[in-house]
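Structure file entry_2.tsv (TSV, C-alpha atoms and all ligand atoms) is printed below.
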```
chain	number	residue	atom	x	y	z
A	1	MET	CA	4.03	-20.40	-2.62
A	2	ALA	CA	3.31	-17.09	-0.87
A	3	ALA	CA	6.15	-15.46	-2.80
A	4	MET	CA	4.78	-16.73	-6.12
A	5	LYS	CA	1.29	-15.47	-5.32
A	6	LYS	CA	2.77	-12.06	-4.51
A	7	THR	CA	4.59	-11.95	-7.85
A	8	ILE	CA	1.49	-12.96	-9.81
A	9	ILE	CA	-0.65	-10.29	-8.13
A	10	ARG	CA	2.01	-7.63	-8.66
A	11	SER	CA	2.62	-8.44	-12.32
A	12	GLY	CA	-1.15	-8.45	-12.93
A	13	LEU	CA	-1.47	-4.99	-11.40
A	14	GLU	CA	1.55	-3.73	-13.33
A	15	THR	CA	0.16	-5.04	-16.62
A	16	LEU	CA	-3.24	-3.47	-16.05
A	17	TYR	CA	-1.59	-0.17	-15.19
A	18	PHE	CA	1.12	0.16	-17.83
A	19	SER	CA	-1.01	-1.23	-20.68
A	20	GLY	CA	-3.66	1.35	-19.81
A	21	ALA	CA	-6.17	-1.52	-19.78
A	22	TYR	CA	-7.50	-0.42	-16.40
A	23	GLN	CA	-8.60	2.89	-17.88
A	24	MET	CA	-10.35	1.20	-20.77
A	25	LEU	CA	-12.09	-1.25	-18.45
A	26	ARG	CA	-13.03	1.37	-15.87
A	27	PRO	CA	-16.40	2.44	-17.35
A	28	PHE	CA	-17.56	-1.18	-17.21
A	29	VAL	CA	-16.11	-2.42	-13.95
A	30	ALA	CA	-15.67	0.58	-11.65
A	31	GLY	CA	-19.08	0.31	-10.01
A	32	VAL	CA	-20.37	3.02	-7.70
A	33	GLY	CA	-17.69	3.00	-5.02
A	34	ALA	CA	-15.35	0.93	-2.91
A	35	ILE	CA	-14.45	0.13	0.68
A	36	LEU	CA	-10.75	0.11	1.55
A	37	THR	CA	-9.34	-2.19	4.25
A	38	LEU	CA	-6.38	-1.38	6.47
A	39	HIS	CA	-4.91	-3.17	9.48
A	40	HIS	CA	-1.62	-1.75	10.79
A	41	VAL	CA	-0.32	1.70	9.80
A	42	ARG	CA	3.20	2.16	11.13
A	43	PRO	CA	6.77	2.93	10.04
A	44	PRO	CA	8.62	0.13	8.24
A	45	ARG	CA	10.55	-2.32	10.42
A	46	PRO	CA	13.99	-3.74	9.55
A	47	GLU	CA	13.36	-7.46	10.21
A	48	LEU	CA	13.76	-9.74	7.19
A	49	PHE	CA	11.18	-12.21	8.49
A	50	GLN	CA	7.82	-10.40	8.46
A	51	PRO	CA	5.22	-12.93	7.34
A	52	ASN	CA	2.33	-10.68	8.38
A	53	ARG	CA	3.67	-7.69	6.47
A	54	LEU	CA	0.80	-7.71	4.01
A	55	LEU	CA	-1.30	-6.42	6.93
A	56	GLU	CA	0.64	-3.17	7.35
A	57	VAL	CA	1.30	-0.04	5.34
A	58	THR	CA	3.50	2.91	6.20
A	59	PRO	CA	2.13	6.29	7.31
A	60	GLU	CA	3.77	7.83	4.21
A	61	PHE	CA	1.88	5.48	1.93
A	62	LEU	CA	-1.45	6.16	3.63
A	63	ASP	CA	-0.79	9.89	3.28
A	64	LYS	CA	-0.04	9.50	-0.44
A	65	VAL	CA	-3.23	7.48	-0.96
A	66	LEU	CA	-5.29	10.15	0.78
A	67	ILE	CA	-3.69	12.98	-1.21
A	68	ASP	CA	-4.52	11.03	-4.38
A	69	LEU	CA	-8.09	10.36	-3.26
A	70	ARG	CA	-8.64	14.01	-2.32
A	71	ARG	CA	-7.43	15.09	-5.78
A	72	SER	CA	-9.75	12.57	-7.46
A	73	GLU	CA	-13.44	12.80	-8.23
A	74	LEU	CA	-14.21	10.34	-5.45
A	75	ASP	CA	-16.09	11.30	-2.27
A	76	LEU	CA	-14.68	10.01	1.01
A	77	VAL	CA	-17.74	8.95	3.01
A	78	SER	CA	-18.72	7.17	6.22
A	79	LEU	CA	-20.38	3.73	6.22
A	80	ASP	CA	-23.72	5.33	7.13
A	81	GLU	CA	-23.46	7.55	4.06
A	82	MET	CA	-22.42	4.59	1.90
A	83	HIS	CA	-25.47	2.71	3.20
A	84	ARG	CA	-27.72	5.65	2.34
A	85	ARG	CA	-26.34	5.93	-1.19
A	86	LEU	CA	-26.72	2.19	-1.81
A	87	VAL	CA	-30.25	2.02	-0.42
A	88	GLU	CA	-31.44	5.19	-2.18
A	89	GLY	CA	-29.54	4.48	-5.39
A	90	ASP	CA	-27.76	7.82	-5.13
A	91	PHE	CA	-24.80	7.22	-7.43
A	92	GLN	CA	-24.13	10.68	-8.88
A	93	ARG	CA	-20.60	10.55	-7.52
A	94	ARG	CA	-18.37	7.56	-6.82
A	95	PHE	CA	-17.31	7.11	-3.24
A	96	VAL	CA	-14.68	5.46	-1.07
A	97	CYS	CA	-15.03	4.32	2.56
A	98	ILE	CA	-11.96	3.74	4.70
A	99	THR	CA	-12.10	0.89	7.21
A	100	ILE	CA	-9.47	-0.29	9.70
A	101	ASP	CA	-9.78	-3.73	11.29
A	102	ASP	CA	-8.77	-4.89	14.78
A	103	GLY	CA	-8.17	-1.60	16.66
A	104	TYR	CA	-4.39	-1.59	16.85
A	105	ARG	CA	-2.76	1.22	18.80
A	106	ASP	CA	-1.04	2.39	15.61
A	107	THR	CA	-4.51	3.32	14.30
A	108	LEU	CA	-4.55	6.05	16.94
A	109	GLN	CA	-0.85	6.87	16.79
A	110	TRP	CA	-0.19	6.85	13.03
A	111	ALA	CA	-3.36	6.51	10.95
A	112	TYR	CA	-5.61	8.88	12.85
A	113	PRO	CA	-3.48	12.07	12.53
A	114	ILE	CA	-3.23	11.50	8.75
A	115	LEU	CA	-6.94	10.77	8.32
A	116	ARG	CA	-7.85	13.78	10.44
A	117	ARG	CA	-5.58	16.06	8.42
A	118	HIS	CA	-7.41	14.98	5.26
A	119	GLN	CA	-10.79	15.25	7.06
A	120	ALA	CA	-11.49	11.67	6.06
A	121	PRO	CA	-14.28	9.78	7.81
A	122	PHE	CA	-13.30	6.22	8.69
A	123	THR	CA	-14.45	3.13	10.58
A	124	VAL	CA	-12.55	1.04	13.11
A	125	TYR	CA	-13.85	-2.51	13.65
A	126	ILE	CA	-13.12	-3.72	17.19
A	127	PRO	CA	-12.97	-7.33	18.46
A	128	THR	CA	-13.92	-6.56	22.06
A	129	SER	CA	-11.57	-9.14	23.59
A	130	PHE	CA	-8.64	-7.02	22.37
A	131	PRO	CA	-9.33	-3.93	24.55
A	132	ASP	CA	-10.53	-6.36	27.25
A	133	ARG	CA	-6.98	-7.77	27.09
A	134	LEU	CA	-8.23	-11.33	26.57
A	135	GLY	CA	-7.62	-11.49	22.83
A	136	GLU	CA	-5.50	-14.12	21.13
A	137	LEU	CA	-3.71	-12.71	18.10
A	138	TRP	CA	-2.77	-16.22	17.02
A	139	TRP	CA	-1.15	-15.20	13.71
A	140	LEU	CA	1.33	-13.05	15.69
A	141	VAL	CA	1.92	-15.85	18.20
A	142	LEU	CA	2.79	-18.11	15.27
A	143	GLU	CA	5.12	-15.45	13.85
A	144	ALA	CA	6.88	-15.09	17.23
A	145	VAL	CA	7.27	-18.85	17.69
A	146	VAL	CA	8.94	-19.15	14.29
A	147	ALA	CA	10.96	-15.92	14.60
A	148	ARG	CA	12.45	-16.69	18.02
A	149	ASN	CA	13.38	-20.35	17.54
A	150	GLU	CA	15.74	-22.48	15.47
A	151	ALA	CA	13.15	-25.24	15.29
A	152	VAL	CA	9.43	-25.60	15.94
A	153	HIS	CA	7.97	-28.71	17.57
A	154	VAL	CA	4.40	-29.35	16.59
A	155	ALA	CA	1.91	-32.20	16.33
A	156	LEU	CA	0.90	-31.98	12.67
A	157	ASP	CA	-2.30	-33.95	12.13
A	158	GLY	CA	-1.42	-36.17	15.11
A	159	ARG	CA	2.22	-36.73	14.14
A	160	ASP	CA	4.98	-35.08	16.18
A	161	GLU	CA	7.26	-33.10	13.90
A	162	THR	CA	10.29	-30.88	14.29
A	163	LEU	CA	10.46	-28.15	11.65
A	164	ARG	CA	13.86	-26.49	11.30
A	165	CYS	CA	13.69	-22.71	10.98
A	166	GLY	CA	17.19	-21.36	11.56
A	167	SER	CA	17.46	-19.23	8.41
A	168	VAL	CA	15.09	-16.54	7.15
A	169	ALA	CA	14.16	-18.71	4.15
A	170	GLU	CA	13.34	-21.64	6.45
A	171	LYS	CA	11.31	-19.36	8.71
A	172	ARG	CA	9.23	-18.18	5.76
A	173	ASP	CA	8.63	-21.77	4.64
A	174	VAL	CA	7.74	-23.03	8.11
A	175	PHE	CA	5.42	-20.09	8.77
A	176	ASP	CA	3.64	-20.55	5.43
A	177	ARG	CA	3.25	-24.28	5.97
A	178	LEU	CA	1.88	-23.91	9.51
A	179	TYR	CA	-0.33	-20.96	8.59
A	180	VAL	CA	-1.93	-22.76	5.64
A	181	TRP	CA	-2.42	-25.88	7.77
A	182	LEU	CA	-3.98	-23.90	10.67
A	183	ARG	CA	-6.34	-22.13	8.31
A	184	SER	CA	-7.37	-25.49	6.84
A	185	LEU	CA	-8.47	-26.89	10.23
A	186	ALA	CA	-12.20	-27.45	10.46
A	187	SER	CA	-12.82	-25.67	13.75
A	188	GLU	CA	-11.63	-22.48	15.39
A	189	ALA	CA	-11.26	-24.38	18.69
A	190	GLU	CA	-8.76	-26.75	17.13
A	191	LEU	CA	-6.74	-23.87	15.70
A	192	ARG	CA	-6.63	-22.16	19.09
A	193	ARG	CA	-5.60	-25.45	20.79
A	194	VAL	CA	-2.65	-25.90	18.43
A	195	VAL	CA	-1.49	-22.29	18.80
A	196	HIS	CA	-1.77	-22.53	22.60
A	197	ALA	CA	0.37	-25.66	22.59
A	198	LEU	CA	2.95	-23.92	20.39
A	199	ALA	CA	3.01	-20.89	22.70
A	200	VAL	CA	3.48	-23.01	25.83
A	201	GLN	CA	6.12	-25.21	24.24
A	202	HIS	CA	8.10	-22.22	22.93
A	203	GLN	CA	7.41	-19.84	25.83
A	204	VAL	CA	5.60	-17.13	23.92
A	205	ASP	CA	3.26	-14.99	26.06
A	206	VAL	CA	-0.06	-14.88	24.19
A	207	ALA	CA	-1.56	-12.08	26.33
A	208	ALA	CA	1.40	-9.76	25.70
A	209	PHE	CA	0.37	-9.00	22.10
A	210	CYS	CA	-2.93	-7.43	23.14
A	211	ASP	CA	-1.30	-5.26	25.78
A	212	GLU	CA	1.44	-4.08	23.51
A	213	LEU	CA	-0.41	-3.64	20.21
A	214	CYS	CA	-4.11	-2.99	20.78
A	215	MET	CA	-5.94	0.13	21.90
A	216	SER	CA	-7.35	0.18	25.42
A	217	TRP	CA	-10.95	1.18	26.09
A	218	ASP	CA	-9.66	4.63	27.16
A	219	GLU	CA	-7.87	5.07	23.84
A	220	LEU	CA	-10.96	3.88	21.98
A	221	THR	CA	-13.10	6.35	23.93
A	222	ALA	CA	-10.83	9.18	22.76
A	223	LEU	CA	-11.04	8.00	19.14
A	224	ALA	CA	-14.80	7.43	19.24
A	225	ALA	CA	-15.34	11.03	20.39
A	226	ASP	CA	-14.44	12.25	16.87
A	227	PRO	CA	-17.65	12.54	14.84
A	228	ARG	CA	-15.77	11.38	11.73
A	229	VAL	CA	-15.01	8.04	13.42
A	230	THR	CA	-17.43	5.11	13.26
A	231	ILE	CA	-16.90	2.21	15.65
A	232	GLY	CA	-17.89	-1.11	14.12
A	233	ALA	CA	-18.22	-4.63	15.53
A	234	HIS	CA	-15.67	-7.35	14.73
A	235	THR	CA	-16.93	-10.12	17.10
A	236	VAL	CA	-15.69	-10.69	20.65
A	237	ASN	CA	-12.89	-13.21	20.12
A	238	HIS	CA	-11.95	-12.54	16.48
A	239	VAL	CA	-13.10	-16.01	15.43
A	240	MET	CA	-13.63	-17.31	11.92
A	241	LEU	CA	-17.41	-17.39	12.32
A	242	ALA	CA	-18.00	-20.17	9.79
A	243	LYS	CA	-15.81	-22.42	11.97
A	244	VAL	CA	-17.92	-22.17	15.13
A	245	SER	CA	-21.48	-23.34	15.90
A	246	GLU	CA	-24.42	-21.24	14.73
A	247	GLU	CA	-25.23	-20.32	18.31
A	248	GLN	CA	-21.65	-19.24	19.00
A	249	ALA	CA	-21.49	-17.23	15.76
A	250	ARG	CA	-24.65	-15.38	16.73
A	251	THR	CA	-23.36	-14.71	20.25
A	252	GLU	CA	-19.98	-13.48	18.95
A	253	MET	CA	-21.66	-10.93	16.65
A	254	ASP	CA	-24.37	-9.82	19.08
A	255	MET	CA	-22.25	-9.73	22.24
A	256	SER	CA	-19.50	-7.61	20.66
A	257	ARG	CA	-22.10	-4.97	19.81
A	258	THR	CA	-23.45	-5.01	23.38
A	259	VAL	CA	-19.97	-4.71	24.94
A	260	ILE	CA	-19.07	-1.77	22.68
A	261	GLU	CA	-22.36	-0.05	23.45
A	262	SER	CA	-21.93	-0.45	27.21
A	263	THR	CA	-18.34	0.84	27.22
A	264	LEU	CA	-18.33	3.49	24.48
A	265	GLY	CA	-22.00	4.44	24.52
A	266	VAL	CA	-22.48	3.85	20.79
A	267	ARG	CA	-24.23	0.79	19.39
A	268	PRO	CA	-22.37	-0.44	16.30
A	269	ALA	CA	-24.55	-0.67	13.20
A	270	HIS	CA	-21.79	-2.11	11.02
A	271	LEU	CA	-19.93	-5.42	11.22
A	272	SER	CA	-16.72	-6.84	9.81
A	273	TYR	CA	-16.33	-10.64	9.70
A	274	PRO	CA	-12.91	-11.64	11.15
A	275	VAL	CA	-10.53	-12.93	8.46
A	276	GLY	CA	-13.51	-12.41	6.18
A	277	ASP	CA	-12.76	-14.78	3.30
A	278	LYS	CA	-15.10	-17.53	2.13
A	279	THR	CA	-13.86	-20.00	4.75
A	280	SER	CA	-14.72	-17.54	7.54
A	281	ALA	CA	-17.97	-15.93	6.46
A	282	ALA	CA	-20.59	-17.26	4.07
A	283	ALA	CA	-24.35	-17.65	3.65
A	284	ARG	CA	-25.05	-18.67	7.28
A	285	GLU	CA	-23.09	-15.72	8.69
A	286	PHE	CA	-24.73	-13.26	6.25
A	287	ARG	CA	-28.15	-14.48	7.39
A	288	ILE	CA	-27.28	-14.13	11.09
A	289	ALA	CA	-25.88	-10.60	10.60
A	290	ASN	CA	-29.10	-9.69	8.81
A	291	ASP	CA	-31.24	-11.24	11.59
A	292	LEU	CA	-29.30	-9.20	14.14
A	293	GLY	CA	-30.17	-6.01	12.27
A	294	PHE	CA	-26.75	-4.76	11.20
A	295	LYS	CA	-26.99	-2.09	8.49
A	296	THR	CA	-23.94	-3.43	6.65
A	297	ALA	CA	-21.35	-6.17	7.06
A	298	VAL	CA	-18.04	-6.40	5.21
A	299	THR	CA	-15.97	-9.36	4.07
A	300	THR	CA	-12.43	-9.45	2.73
A	301	ARG	CA	-13.64	-10.84	-0.59
A	302	PRO	CA	-11.98	-8.52	-3.09
A	303	GLY	CA	-14.16	-6.20	-5.15
A	304	VAL	CA	-15.68	-2.77	-5.68
A	305	LEU	CA	-19.32	-1.92	-4.99
A	306	PHE	CA	-22.11	-1.97	-7.57
A	307	GLY	CA	-25.70	-0.72	-7.29
A	308	SER	CA	-26.80	-4.33	-6.94
A	309	HIS	CA	-24.99	-4.60	-3.62
A	310	ARG	CA	-28.03	-2.92	-2.05
A	311	ASP	CA	-29.52	-6.43	-2.11
A	312	CYS	CA	-26.62	-8.02	-0.23
A	313	LEU	CA	-25.55	-5.48	2.35
A	314	MET	CA	-24.37	-8.30	4.65
A	315	ALA	CA	-21.74	-9.49	2.15
A	316	LEU	CA	-19.93	-6.39	0.95
A	317	PRO	CA	-16.53	-6.83	-0.73
A	318	ARG	CA	-13.52	-4.67	0.11
A	319	ILE	CA	-10.17	-3.69	-1.34
A	320	SER	CA	-7.17	-4.26	0.89
A	321	LEU	CA	-4.29	-1.80	0.98
A	322	ASN	CA	-1.72	-4.59	0.99
A	323	GLY	CA	1.65	-3.94	2.61
A	324	GLU	CA	3.38	-6.02	-0.04
A	325	HIS	CA	2.13	-3.74	-2.83
A	326	GLN	CA	2.54	-0.16	-1.57
A	327	GLN	CA	2.37	1.69	-4.87
A	328	LEU	CA	-0.14	4.40	-5.71
A	329	ARG	CA	-0.59	2.96	-9.20
A	330	TYR	CA	-1.82	-0.33	-7.70
A	331	VAL	CA	-4.42	1.52	-5.64
A	332	ARG	CA	-5.61	3.32	-8.80
A	333	VAL	CA	-5.89	0.01	-10.64
A	334	LEU	CA	-7.73	-1.59	-7.71
A	335	LEU	CA	-10.19	1.32	-7.37
A	336	SER	CA	-10.84	1.20	-11.13
A	337	GLY	CA	-12.38	-2.22	-10.47
A	338	ALA	CA	-10.30	-3.74	-13.27
A	339	ALA	CA	-8.12	-6.03	-11.16
A	340	THR	CA	-10.90	-7.39	-8.99
A	341	ALA	CA	-13.17	-7.81	-12.05
A	342	MET	CA	-10.54	-10.07	-13.56
A	343	TRP	CA	-9.97	-11.99	-10.30
A	344	ASN	CA	-13.74	-12.45	-9.95
A	345	GLY	CA	-14.28	-13.48	-13.57
A	346	PHE	CA	-16.24	-10.25	-14.18
A	347	ARG	CA	-18.92	-11.37	-11.73
A	348	ARG	CA	-20.13	-8.27	-9.91
A	349	VAL	CA	-21.74	-9.67	-6.79
A	350	ASP	CA	-20.62	-12.71	-4.83
A	351	ALA	CA	-22.76	-13.20	-1.75
A	352	ALA	CA	-23.03	-16.99	-1.56
B	1	ZN	ZN	-9.57	-8.71	12.07
```

Would you mind giving the structure from this file in structure tokens?
Amino acid sequence: MAAMKKTIIRSGLETLYFSGAYQMLRPFVAGVGAILTLHHVRPPRPELFQPNRLLEVTPEFLDKVLIDLRRSELDLVSLDEMHRRLVEGDFQRRFVCITIDDGYRDTLQWAYPILRRHQAPFTVYIPTSFPDRLGELWWLVLEAVVARNEAVHVALDGRDETLRCGSVAEKRDVFDRLYVWLRSLASEAELRRVVHALAVQHQVDVAAFCDELCMSWDELTALAADPRVTIGAHTVNHVMLAKVSEEQARTEMDMSRTVIESTLGVRPAHLSYPVGDKTSAAAREFRIANDLGFKTAVTTRPGVLFGSHRDCLMALPRISLNGEHQQLRYVRVLLSGAATAMWNGFRRVDAA
């Protein structure tokens, strides 16, 4: 399933590129700018089983993208500048914002030196439980459970099951099945309960991922000292906000901003909804973010920005630099707006 989706996306991007269709479509679909999403930036790893690989690109690829952007007509701007241009309708030049979610240590180690060399402003969205060392990176716990075992024991919808995962192919299948099922659960609490049970049963240390992979407050302080760096909020516990109560969603958004302000001395004006698809952030979350006074909030709904996004600053789309598709030509097609226009049925704004 995941493999098929990958192939469909790739062939769509290839077709748009090699047919030249993306250049013909560009005047109609390119909009005024775009926000790029990154997660991990680090050297490639040899493991065959890497189900979360779509969330990481190599330093070489990021460097190539930046060289290409710097040669283009696009301005690289901060989120504050993007906000100004949208609100004032200043669209003389197209722009790109770079955003990095979650605050992994590789942001500091690998992404930052490249971004600094290209003098590129960028934003890092921090879930405060990660530097507080209380975060649960459940998608990595799931990966570890499947990677380290020949079989996974899990209560699937109340039925005890043993899923064999000795081979790489089986591991991919079992991960996909469990991931899709976990994401389909109605509440975040239920998801966390299942992942906790898996971790205990298969002796995976949940806390270890934060320690090993995420920046500490000291590291974040060093990063935040660069005037080109914007620190954004990404909730406290990295929860899918649509899957918690309204009160909890509000607290998650508001509290993360307060914690960042008290530790780094800057109050985040920009928010990224964790996971960020339609099942994680929708009308209720957009309203709360607006009530809380954020200047902008980003989703992971795919798309470029149009002038009309000034009316829905709490539901901005982004373009992910996907680790499965690390080709410059795909980035060009994505920034042209052609691919996302087709995925979105040529609808420009989707803020429902
Ligand atoms: Zn995130």

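Here CA of Leu62 (chain A) stands at a distance of 19.3 Å from CA of Leu79 (chain A).
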
How close does each residue of chain A get to ligand ZN 1 (chain B), giving the shortest atom pair and distance in Å to one decimal for every residue with an atom at most 6 Å away, counting all atoms listed in the file, sorted by chain and residue number, as a Markdown table?
```
| residue | atom | partner | partner_atom | distance |
| --- | --- | --- | --- | --- |
| A:Asp101 | CA | B:ZN1 | ZN | 5.0 |
| A:Asp102 | CA | B:ZN1 | ZN | 4.8 |
| A:Pro274 | CA | B:ZN1 | ZN | 4.5 |
| A:Val275 | CA | B:ZN1 | ZN | 5.6 |
```

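CA of Asp277 (chain A) to CA of Thr7 (chain A) spans 20.8 Å [interatomic distance, one decimal].
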
CA of Arg183 (chain A) to CA of Ala242 (chain A): how many Å, to one decimal?
11.9 Å

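When all atoms listed in the file are used to measure the gap to Pro127 (chain A), the shortest distance among A:Asp157, A:Asp254, A:Asp311, A:Glu212 belongs to A:Asp254.
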
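With only the atoms specified (all atoms listed in the file) counting, those residues at most 10 Å away from (-19.8, -11.8, -2.6) are Asp277, Lys278, Ala282, Ala283, Val298, Thr299, Thr300, Arg301, Pro302, Gly303, His309, Cys312, Leu313, Met314, Ala315, Leu316, Pro317, Arg318, Asn344, Arg347, Arg348, Val349, Asp350, Ala351 and Ala352 of chain A.
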
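Proximity ranking of A:His40, A:Arg172, A:Arg284, A:Arg257 relative to Val146 (chain A) places A:Arg172 first, based on all atoms listed in the file.
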
Go through region 222-315 of chain A residue by residue and, counting only C-alpha atoms, keep those with an atom at most 7 Å from region 184-204 of chain A; for each kept residue give the shortest atom pair and its distance in Å to one decimal, ordered by chain and increasing number, as CSV.
```
residue,atom,partner,partner_atom,distance
A:Val239,CA,A:Glu188,CA,6.6
A:Met240,CA,A:Glu188,CA,6.5
A:Lys243,CA,A:Ser187,CA,4.8
A:Val244,CA,A:Glu188,CA,6.3
```

Residues within 6 Å of Ile126 (chain A), please, as a list of chain:residue names. Count only C-alpha atoms; anything in the same chain fewer than 3 positions from it doesn't count.
A:Asp102, A:Gly103, A:Ala233, A:His234

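Among the candidates A:Gly33, A:Glu60, A:Trp138, A:Ala281, the residue lying nearest to Val96 (chain A) is A:Gly33 (atoms considered: only C-alpha atoms).
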
Listed atoms of region 238-253 of chain A, axis-aligned box, 4 Å per side: centre and edge lengths to one decimal in Å, as JSON?
```
{"center_x": -18.6, "center_y": -17.1, "center_z": 15.0, "size_x": 21.3, "size_y": 20.4, "size_z": 18.5}
```

In the coordinates of the file, take the point (9.3, -8.7, 10.3) and a cut-off of 12 Å; then, counting only C-alpha atoms, name each qualifying protein, DNA or RNA residue as JSON, numbers by chain.
{"A": [43, 44, 45, 46, 47, 48, 49, 50, 51, 52, 53, 54, 55, 56, 140, 143, 144, 146, 147, 148, 168, 171, 172, 323]}

Residue neighbourhood Arg133 (chain A), 10 Å, only C-alpha atoms, exclusion window fewer than 4 positions, as a VMD selection string:
chain A and resid 128 to 129 207 to 212 214 to 217

Can you spit out the residues from that selection as a compact mmCIF listing (two decimals), keeping the file's coordinate frame, using C-alpha atoms?
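Result went into result_32.txt, see below:
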```txt
# COMPACT_ATOMS: atom_id res chain seq x y z
CA THR A 128 -13.92 -6.56 22.06
CA SER A 129 -11.57 -9.14 23.59
CA ALA A 207 -1.56 -12.08 26.33
CA ALA A 208 1.40 -9.76 25.70
CA PHE A 209 0.37 -9.00 22.10
CA CYS A 210 -2.93 -7.43 23.14
CA ASP A 211 -1.30 -5.26 25.78
CA GLU A 212 1.44 -4.08 23.51
CA CYS A 214 -4.11 -2.99 20.78
CA MET A 215 -5.94 0.13 21.90
CA SER A 216 -7.35 0.18 25.42
CA TRP A 217 -10.95 1.18 26.09
```

Pick out the residues sitting within 12 Å of Thr107 (chain A), and hand them over as a PyMOL selection string; count all atoms listed in the file, and ignore anything fewer than 4 positions along from it in its own chain.
chain A and resi 38-42+56-59+62+99-103+111-116+122-126+213-216+219-220+223+229

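Remark: for Val259 (chain A), the closest of the candidate residues A:Ser19, A:Asp132, A:Val180, A:Phe286 is A:Asp132 (distances computed over all atoms listed in the file).
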
Close residues, Ser78 (chain A) itself excluded, 8 Å, all atoms listed in the file, min 4 positions apart in chain, as a short mmCIF file (atom, residue, chain, number, x, y, z; two decimals) with C-alpha atoms, keeping the file's coordinate frame:
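Final output, out27.cif:
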```cif
data_model
loop_
_atom_site.label_atom_id
_atom_site.label_comp_id
_atom_site.auth_asym_id
_atom_site.auth_seq_id
_atom_site.Cartn_x
_atom_site.Cartn_y
_atom_site.Cartn_z
CA MET A 82 -22.42 4.59 1.90
CA CYS A 97 -15.03 4.32 2.56
CA ILE A 98 -11.96 3.74 4.70
CA PRO A 121 -14.28 9.78 7.81
CA PHE A 122 -13.30 6.22 8.69
CA THR A 123 -14.45 3.13 10.58
CA ARG A 228 -15.77 11.38 11.73
CA THR A 230 -17.43 5.11 13.26
#
```
